[in-house]
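A short write-up of the structure that comes next.
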Amino acid sequence: MKVLLRGAVWFGFYLVMILLPLLVGSVFRPAGASDSFLVNLSAGLGYVGFAIMALELALISRFKPAASAFGLDVLQQFHKEIGMAAFLMVLAHPLLLVVSGYPWRILLPVSGVPWSVVLGTVAFLLVALLIGLSVWRKKLKIPYEVWQITHGLLTIALIAAAAIHIIGVGRYAQMTPMKILWAAYLLLLIGLFSYYRLFKPLRLLGKPWKVVENRAELGDARTLRLQPVGHKGWPGGFEAGQFAWINLGSSPFNFEQHPISMSSSGDTAAATGEVAFTIKNLGGWSGKTVPGIKAGQRVWLDGPYGVFTLDREQGPGYVLLAGGVGVTPLRSMLLTMIEREDVRPVVLFYGARHEDDLTFRDELLELQKPMNLKVVYVVEEPSPAWQGETGRISADILRKHLPPKQYKRWTYFICGPTPMMNAMEKILPEIGVPAEKVNTERFDMV
Ligand SMILES: Cc1cc2nc3c(=O)[nH]c(=O)nc-3n(C[C@H](O)[C@H](O)[C@H](O)COP(=O)(O)OP(=O)(O)OC[C@H]3O[C@@H](n4cnc5c(N)ncnc54)[C@H](O)[C@@H]3O)c2cc1C
């Protein structure tokens with residue numbers, strides 16, 4: 001309930017922030033403002049679209065009180081979808097003006113069109129480019145880090161162009177209350193940027209971690225065990241299932257950071273400070289930098305984050321559905337349950353292409369001894385010696401291994417590649433699992 005309330009308060013605050021320009025514009029109408037409904041609608045959409053874009057950073061700035069109410073993945077998804085909505089608003093803004101009788105030339109950067117209007121077109125083109133690069137990043141094969149920097153620079157450029165356009169063109173922007181509002185937005189933006197890029201790294205600077213082991217795992221993965229240096233680690237550990245941003249650079253100001261789930265027990269972190277991450281070789285950073293990390297190296301952690309956790313989602317029993325390296329947060333849940341002597345039943349279904357891709361394969365089987373756990377491996381292309389389930393995790397396999405009278409009341413955690421997660425989200429309702437019992441963590445949230 002507390003989390004719900006916190007979420008409602010933050011969402012209410014966000015709504016007020018993006019709708020304030022409309023309120024200020026209608027309460028303090030400037031002299032000579034148009035009476036045309038379309039012109040006013042156009043201005044309103046332009047203002048709200050701009051406010052949404054100016055606040056986009058707030059959604060992904062890892063501000064803990066807000067992040068803990070929704071979960072970073074939800075905020076990330078909202079950042080994407082509300083960004084699209086803002087794009088449609090700023091697209092409708094000039095089109096409505098043309099429909100209401102303004103010359104169509106205002107849409108083009110041609111001679112005779114004031115520079116302040118042209119800047120509006122420039123801002124719109126920048127938004128279109130920014131969204132296009134985000135939507136087609138993988139298809140265009142743009143490396144994540146290059147995209148991240150470009151995304152930031154384009155955002156700054158478009159906000160600047162749109163702000164100058166608003167000040168240069170708008171009657172509303174000339175009013176003192178609107179100027180005060182824009183100044184407040186600017187301060188908020190500067191504050192958020194300083195928090196994200198300055199304050200947070202500065203705080204982390206005094207809390208380094210060191211690698212105590214870098215171990216190879218099945219499934220082309222590596223486990224990094226870390227211990228805090230000169231501090232006690234995260235107070236209270238973390239909730240099993242959460243993740244942190246790992247920065248393997250020489251300081252917390254380093255730009256490259258990766259979100260990785262903790263694969264160790266959350267309660268061990270509370271007792272000893274130690275945390276572990278298991279990282280699959282997916283490309284540049286995970287394939288080249290991570291394997292080269294030596295014991296003793298300093299690293300930086302920003303976390304813990306996430307709402308995909310055992311502690312938040314209680315149930316009389318658990319079904320864990322893993323695909324590939326998606327097993328990491330689920331392993332953390334199992335280890336934490338063992339530490340708590342939690343005897344609730346758990347069934348783990350773990351799908352992989354080959355049996356040698358099953359990270360922690362032998363260890364997970366061993367965990368069946370100290371806890372009430374059943375492990376079901378499902379292998380797509382098994383070797384002739386394989387005796388377990390084959391193919392992909394299906395409704396039949398789930399029904400075969402779950403207790404028929406219990407499973408609809410249990411809590412589900414799914415983590416794996418997108419096609420597997422989509423398949424599970426379709427299969428679970430088919431076998432009668434209520435949607436509110438299902439929790440997901442998507443590793444490809446960005
Ligand atoms: C909440 C969460 C938990 C995760 N937990 C794990 C885990 O336990 N183990 C694991 O192996 N992977 C995990 N991932 C995925 C991991 O963050 C990326 O796959 C990893 O950063 C890939 O890095 P790369 O540069 O080697 O791969 P690349 O091939 O260069 O990138 C592959 C894809 O990974 C994503 N990615 C790359 N860099 C970043 C970055 N800095 N920030 C965000 N996404 C990025 C992009 O979508 C990119 O297209 C998790 C992701 C999320 C969101």
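By convention in this document, the chains of the structure tokens carry letters A, B, ... by their order, each chain's residues are numbered from 1, and ligands are numbered from 1 in the order they are shown.
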List as JSON lines every residue of chain A that is in contact with ligand 1, defined as an atom at most 6 Å from one of its atoms (using only C-alpha atoms and all ligand atoms), together with the nearest atom pair and the distance in Å rounded to one decimal, sorted by chain and then rising number.
{"residue": "A:Tyr144", "atom": "CA", "partner": "ligand 1", "partner_atom_place_in_ligand_line": "37 (C)", "distance": 5.2}
{"residue": "A:Phe243", "atom": "CA", "partner": "ligand 1", "partner_atom_place_in_ligand_line": "3 (C)", "distance": 5.7}
{"residue": "A:Glu256", "atom": "CA", "partner": "ligand 1", "partner_atom_place_in_ligand_line": "41 (N)", "distance": 5.7}
{"residue": "A:Gln257", "atom": "CA", "partner": "ligand 1", "partner_atom_place_in_ligand_line": "41 (N)", "distance": 4.7}
{"residue": "A:His258", "atom": "CA", "partner": "ligand 1", "partner_atom_place_in_ligand_line": "41 (N)", "distance": 3.9}
{"residue": "A:Pro259", "atom": "CA", "partner": "ligand 1", "partner_atom_place_in_ligand_line": "17 (O)", "distance": 4.3}
{"residue": "A:Ile260", "atom": "CA", "partner": "ligand 1", "partner_atom_place_in_ligand_line": "5 (N)", "distance": 3.4}
{"residue": "A:Ser261", "atom": "CA", "partner": "ligand 1", "partner_atom_place_in_ligand_line": "8 (O)", "distance": 3.9}
{"residue": "A:Thr278", "atom": "CA", "partner": "ligand 1", "partner_atom_place_in_ligand_line": "9 (N)", "distance": 5.2}
{"residue": "A:Ile279", "atom": "CA", "partner": "ligand 1", "partner_atom_place_in_ligand_line": "11 (O)", "distance": 3.4}
{"residue": "A:Lys280", "atom": "CA", "partner": "ligand 1", "partner_atom_place_in_ligand_line": "11 (O)", "distance": 3.8}
{"residue": "A:Leu282", "atom": "CA", "partner": "ligand 1", "partner_atom_place_in_ligand_line": "27 (O)", "distance": 4.6}
{"residue": "A:Gly283", "atom": "CA", "partner": "ligand 1", "partner_atom_place_in_ligand_line": "29 (O)", "distance": 3.6}
{"residue": "A:Gly284", "atom": "CA", "partner": "ligand 1", "partner_atom_place_in_ligand_line": "26 (O)", "distance": 4.3}
{"residue": "A:Trp285", "atom": "CA", "partner": "ligand 1", "partner_atom_place_in_ligand_line": "26 (O)", "distance": 3.7}
{"residue": "A:Ser286", "atom": "CA", "partner": "ligand 1", "partner_atom_place_in_ligand_line": "26 (O)", "distance": 3.5}
{"residue": "A:Gly287", "atom": "CA", "partner": "ligand 1", "partner_atom_place_in_ligand_line": "26 (O)", "distance": 5.6}
{"residue": "A:Val325", "atom": "CA", "partner": "ligand 1", "partner_atom_place_in_ligand_line": "9 (N)", "distance": 5.7}
{"residue": "A:Thr328", "atom": "CA", "partner": "ligand 1", "partner_atom_place_in_ligand_line": "8 (O)", "distance": 5.1}
{"residue": "A:Phe443", "atom": "CA", "partner": "ligand 1", "partner_atom_place_in_ligand_line": "51 (C)", "distance": 3.6}
{"residue": "A:Asp444", "atom": "CA", "partner": "ligand 1", "partner_atom_place_in_ligand_line": "47 (O)", "distance": 5.3}
{"residue": "A:Met445", "atom": "CA", "partner": "ligand 1", "partner_atom_place_in_ligand_line": "53 (C)", "distance": 5.1}
{"residue": "A:Val446", "atom": "CA", "partner": "ligand 1", "partner_atom_place_in_ligand_line": "47 (O)", "distance": 5.2}
Grab the residues selected above and save them as a compact mmCIF listing (two decimals), in the first residue's frame with C-alpha atoms.
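Contents of selection_14.txt, freshly written:
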# COMPACT_ATOMS: atom_id res chain seq x y z
CA TYR A 144 24.92 1.23 -27.21
CA PHE A 243 20.19 -5.17 -9.91
CA GLU A 256 30.14 3.35 -19.34
CA GLN A 257 27.86 1.62 -16.84
CA HIS A 258 25.85 -1.59 -17.23
CA PRO A 259 22.78 -2.76 -15.34
CA ILE A 260 23.42 -6.27 -13.97
CA SER A 261 21.35 -8.33 -11.51
CA THR A 278 27.14 -13.08 -13.36
CA ILE A 279 27.62 -11.60 -16.81
CA LYS A 280 27.11 -13.35 -20.12
CA LEU A 282 27.03 -10.59 -25.34
CA GLY A 283 29.45 -8.34 -27.12
CA GLY A 284 31.90 -5.54 -26.47
CA TRP A 285 31.91 -4.86 -22.76
CA SER A 286 30.71 -8.25 -21.50
CA GLY A 287 32.90 -10.16 -23.95
CA VAL A 325 21.57 -15.62 -18.27
CA THR A 328 20.93 -14.65 -12.30
CA PHE A 443 17.23 -7.37 -19.57
CA ASP A 444 16.65 -5.51 -22.84
CA MET A 445 14.73 -2.62 -21.28
CA VAL A 446 16.91 -0.07 -23.12
Compile a residue-level contact table for stretch 50-90 of chain A against stretch 111-128 of chain A at a cut-off of 12 Å, reporting for every qualifying residue the shortest atom pair and its distance in Å to one decimal, with only C-alpha atoms counted, rows ordered by chain and ascending number, as JSON lines.
{"residue": "A:Phe50", "atom": "CA", "partner": "A:Ala123", "partner_atom": "CA", "distance": 10.0}
{"residue": "A:Met53", "atom": "CA", "partner": "A:Val127", "partner_atom": "CA", "distance": 9.2}
{"residue": "A:Ala54", "atom": "CA", "partner": "A:Val127", "partner_atom": "CA", "distance": 11.9}
{"residue": "A:Gly83", "atom": "CA", "partner": "A:Val127", "partner_atom": "CA", "distance": 9.2}
{"residue": "A:Met84", "atom": "CA", "partner": "A:Val127", "partner_atom": "CA", "distance": 9.5}
{"residue": "A:Ala85", "atom": "CA", "partner": "A:Val127", "partner_atom": "CA", "distance": 11.6}
{"residue": "A:Ala86", "atom": "CA", "partner": "A:Val127", "partner_atom": "CA", "distance": 9.3}
{"residue": "A:Phe87", "atom": "CA", "partner": "A:Val127", "partner_atom": "CA", "distance": 6.8}
{"residue": "A:Leu88", "atom": "CA", "partner": "A:Ala128", "partner_atom": "CA", "distance": 10.0}
{"residue": "A:Met89", "atom": "CA", "partner": "A:Phe124", "partner_atom": "CA", "distance": 10.3}
{"residue": "A:Val90", "atom": "CA", "partner": "A:Phe124", "partner_atom": "CA", "distance": 6.9}
Please dump the current selection as a short mmCIF file (atom, residue, chain, number, x, y, z; two decimals), in the first residue's frame; keep C-alpha atoms.
data_model
loop_
_atom_site.label_atom_id
_atom_site.label_comp_id
_atom_site.auth_asym_id
_atom_site.auth_seq_id
_atom_site.Cartn_x
_atom_site.Cartn_y
_atom_site.Cartn_z
CA PHE A 50 7.95 20.52 -24.62
CA MET A 53 10.59 16.34 -23.23
CA ALA A 54 12.21 18.62 -20.68
CA GLY A 83 8.45 10.45 -25.48
CA MET A 84 6.47 9.11 -28.45
CA ALA A 85 3.35 10.89 -27.20
CA ALA A 86 5.33 14.15 -26.94
CA PHE A 87 6.56 13.62 -30.51
CA LEU A 88 2.94 13.35 -31.74
CA MET A 89 2.05 16.51 -29.81
CA VAL A 90 4.87 18.55 -31.33
#
Which one is closest to A:Leu38: A:Leu365, A:Ala58, A:Leu398, A:Leu95? Count only C-alpha atoms.
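Ranking A:Leu365, A:Ala58, A:Leu398, A:Leu95 by distance to A:Leu38, first place goes to A:Leu95.
Each of A:Phe253, A:Phe63, A:Phe413, A:Tyr195 was compared to A:Val327 using only C-alpha atoms, and A:Phe413 turns out to be the nearest.
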Closest-contact table, stretch 175-262 of chain A side, partner stretch 329-348 of chain A, 9 Å, counting only C-alpha atoms, as CSV:
residue,atom,partner,partner_atom,distance
A:Glu239,CA,A:Met333,CA,8.4
A:Ala240,CA,A:Met333,CA,4.9
A:Gly241,CA,A:Pro329,CA,4.3
A:Gln242,CA,A:Pro329,CA,6.8
A:Phe243,CA,A:Pro329,CA,7.9
A:Ser261,CA,A:Pro329,CA,5.6
A:Met262,CA,A:Pro329,CA,6.0
Could the residues in this selection be written to a file with C-alpha atoms, as a PDB file, in the first residue's frame?
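Listed below is the output, part.pdb:
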ATOM      1  CA  GLU A 239      16.286  -7.595  -2.064  1.00  0.00           C
ATOM      2  CA  ALA A 240      16.931 -10.813  -3.974  1.00  0.00           C
ATOM      3  CA  GLY A 241      16.110 -10.113  -7.623  1.00  0.00           C
ATOM      4  CA  GLN A 242      17.429  -6.543  -7.689  1.00  0.00           C
ATOM      5  CA  PHE A 243      20.191  -5.166  -9.912  1.00  0.00           C
ATOM      6  CA  SER A 261      21.345  -8.326 -11.512  1.00  0.00           C
ATOM      7  CA  MET A 262      23.001  -9.595  -8.377  1.00  0.00           C
TER       8      MET A 262
END
From the list A:Val307, A:Leu428, A:Ala51, A:Ile18, which residue is nearest A:Lys64 when using only C-alpha atoms?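 Among the listed residues, the smallest separation from A:Lys64 belongs to A:Val307.
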A:Gly46 environment, 6 Å, only C-alpha atoms, sequence neighbours closer than 3 positions dropped, as a list in words: Ala43, Gly49, Val90 and His93 of chain A
Would you output that residue set with N, CA and C atoms, as an mmCIF file, in the first residue's frame?
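Output contents, as saved in again38.cif:
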data_model
loop_
_atom_site.group_PDB
_atom_site.id
_atom_site.type_symbol
_atom_site.label_atom_id
_atom_site.label_comp_id
_atom_site.auth_asym_id
_atom_site.auth_seq_id
_atom_site.Cartn_x
_atom_site.Cartn_y
_atom_site.Cartn_z
ATOM 1 N N ALA A 43 -1.110 25.574 -29.439
ATOM 2 C CA ALA A 43 -0.165 26.118 -28.449
ATOM 3 C C ALA A 43 -0.083 25.183 -27.243
ATOM 4 N N GLY A 49 3.997 19.127 -24.914
ATOM 5 C CA GLY A 49 5.020 18.289 -25.562
ATOM 6 C C GLY A 49 6.417 18.704 -25.103
ATOM 7 N N VAL A 90 4.127 17.482 -30.643
ATOM 8 C CA VAL A 90 4.866 18.554 -31.330
ATOM 9 C C VAL A 90 4.683 18.458 -32.848
ATOM 10 N N HIS A 93 1.317 20.227 -33.361
ATOM 11 C CA HIS A 93 1.397 21.672 -33.059
ATOM 12 C C HIS A 93 1.431 22.537 -34.334
#
### Message
Quick one: residues within 12 Å of A:Ala423, only C-alpha atoms, excluding same-chain residues fewer than 6 positions away - as number ranges by chain?
### Response
A: 321, 323, 392-395, 414-417, 429-430
What would the file look like if the residues just selected were written as a PDB file, in the first residue's frame with C-alpha atoms?
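Output below, filename part.pdb:
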ATOM      1  CA  LEU A 321      11.098 -19.256 -15.144  1.00  0.00           C
ATOM      2  CA  GLY A 323      16.036 -18.352 -19.982  1.00  0.00           C
ATOM      3  CA  ARG A 392      11.137 -25.011 -25.130  1.00  0.00           C
ATOM      4  CA  ILE A 393       9.300 -24.391 -21.862  1.00  0.00           C
ATOM      5  CA  SER A 394       5.671 -25.109 -22.824  1.00  0.00           C
ATOM      6  CA  ALA A 395       2.253 -25.309 -21.180  1.00  0.00           C
ATOM      7  CA  ILE A 414      10.189 -14.689 -15.297  1.00  0.00           C
ATOM      8  CA  CYS A 415      13.560 -13.526 -16.574  1.00  0.00           C
ATOM      9  CA  GLY A 416      15.056 -14.403 -19.932  1.00  0.00           C
ATOM     10  CA  PRO A 417      15.383 -13.340 -23.556  1.00  0.00           C
ATOM     11  CA  PRO A 429      -2.792 -17.117 -18.615  1.00  0.00           C
ATOM     12  CA  GLU A 430      -3.613 -20.136 -20.805  1.00  0.00           C
TER      13      GLU A 430
END
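The smallest atom-to-atom distance between A:Gly233 and any of A:Thr289, A:Thr176, A:Leu373, A:Gly303, using only C-alpha atoms, is found for A:Gly303.
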(request) State, in Å with one decimal place, the distance from atom CA of A:Thr359 to atom CA of A:Lys426. (result)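 Separating atom CA of A:Thr359 from atom CA of A:Lys426 is a distance of 25.3 Å.
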Check your understanding: So how many Å separate atom CA of A:Asn214 and atom CA of A:Arg442, to one decimal?
Key ->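 These two atoms are separated by 24.8 Å.
When only C-alpha atoms are used to compute distances to A:Asp35, the closest of the residues A:Ile60, A:Ser100, A:Pro65, A:Met371 turns out to be A:Ser100.
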| Residues of stretch 136-273 of chain A in strand (DSSP E) according to DSSP, as a ChimeraX atom specification? | /A:209-217,221-228,243-247,258-261
Could the residues in this selection be saved with C-alpha atoms as a compact mmCIF listing (two decimals), in the first residue's frame?
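For reference, selection-v1.txt as written:
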# COMPACT_ATOMS: atom_id res chain seq x y z
CA TRP A 209 34.40 -2.06 -4.33
CA LYS A 210 37.10 -4.56 -5.21
CA VAL A 211 36.90 -7.70 -7.28
CA VAL A 212 37.85 -10.74 -5.21
CA GLU A 213 37.18 -13.33 -7.89
CA ASN A 214 36.41 -13.46 -11.62
CA ARG A 215 35.20 -16.97 -12.33
CA ALA A 216 34.17 -18.61 -15.61
CA GLU A 217 30.69 -20.17 -15.63
CA ALA A 221 29.41 -16.18 -18.52
CA ARG A 222 31.67 -14.86 -15.75
CA THR A 223 30.87 -14.32 -12.09
CA LEU A 224 32.46 -11.31 -10.44
CA ARG A 225 32.53 -11.48 -6.64
CA LEU A 226 32.92 -8.04 -5.08
CA GLN A 227 33.64 -6.77 -1.60
CA PRO A 228 33.25 -3.23 -0.31
CA PHE A 243 20.19 -5.17 -9.91
CA ALA A 244 22.90 -2.49 -9.82
CA TRP A 245 24.78 -0.42 -12.38
CA ILE A 246 28.36 -1.68 -12.64
CA ASN A 247 31.08 0.69 -13.65
CA HIS A 258 25.85 -1.59 -17.23
CA PRO A 259 22.78 -2.76 -15.34
CA ILE A 260 23.42 -6.27 -13.97
CA SER A 261 21.35 -8.33 -11.51
Worksheet entry | Surrounding residues of stretch 383-386 of chain A excluding itself and chain neighbours under 3 positions, 9 Å, only C-alpha atoms, as JSON, numbers by chain | {"A": [354, 355, 379, 389, 390]}
As a check of understanding: the span from atom CA of A:Ala435 to atom CA of A:Ala352 is 24.7 Å
Report the residues of stretch 342-399 of chain A whose backbone DSSP state falls under alpha helix (DSSP H), written as a PyMOL selection string. chain A and resi 361-366+395-399
Export C-alpha atoms of the chosen residues as a PDB file, in the first residue's frame?
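Printed below is again.pdb as written:
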ATOM      1  CA  ARG A 361      23.694 -26.132 -13.862  1.00  0.00           C
ATOM      2  CA  ASP A 362      25.227 -28.409 -11.217  1.00  0.00           C
ATOM      3  CA  GLU A 363      24.942 -25.904  -8.396  1.00  0.00           C
ATOM      4  CA  LEU A 364      21.202 -25.406  -8.931  1.00  0.00           C
ATOM      5  CA  LEU A 365      20.650 -29.168  -8.796  1.00  0.00           C
ATOM      6  CA  GLU A 366      22.560 -29.231  -5.493  1.00  0.00           C
ATOM      7  CA  ALA A 395       2.253 -25.309 -21.180  1.00  0.00           C
ATOM      8  CA  ASP A 396       2.569 -29.105 -21.162  1.00  0.00           C
ATOM      9  CA  ILE A 397       5.952 -29.036 -19.427  1.00  0.00           C
ATOM     10  CA  LEU A 398       4.643 -26.561 -16.846  1.00  0.00           C
ATOM     11  CA  ARG A 399       1.519 -28.660 -16.143  1.00  0.00           C
TER      12      ARG A 399
END
Using only C-alpha atoms, which of the listed residues (A:Gly324, A:Pro403, A:Val438, A:Pro235) sits closest to A:Pro419?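 Of the candidates, the smallest distance to A:Pro419 is held by A:Gly324.
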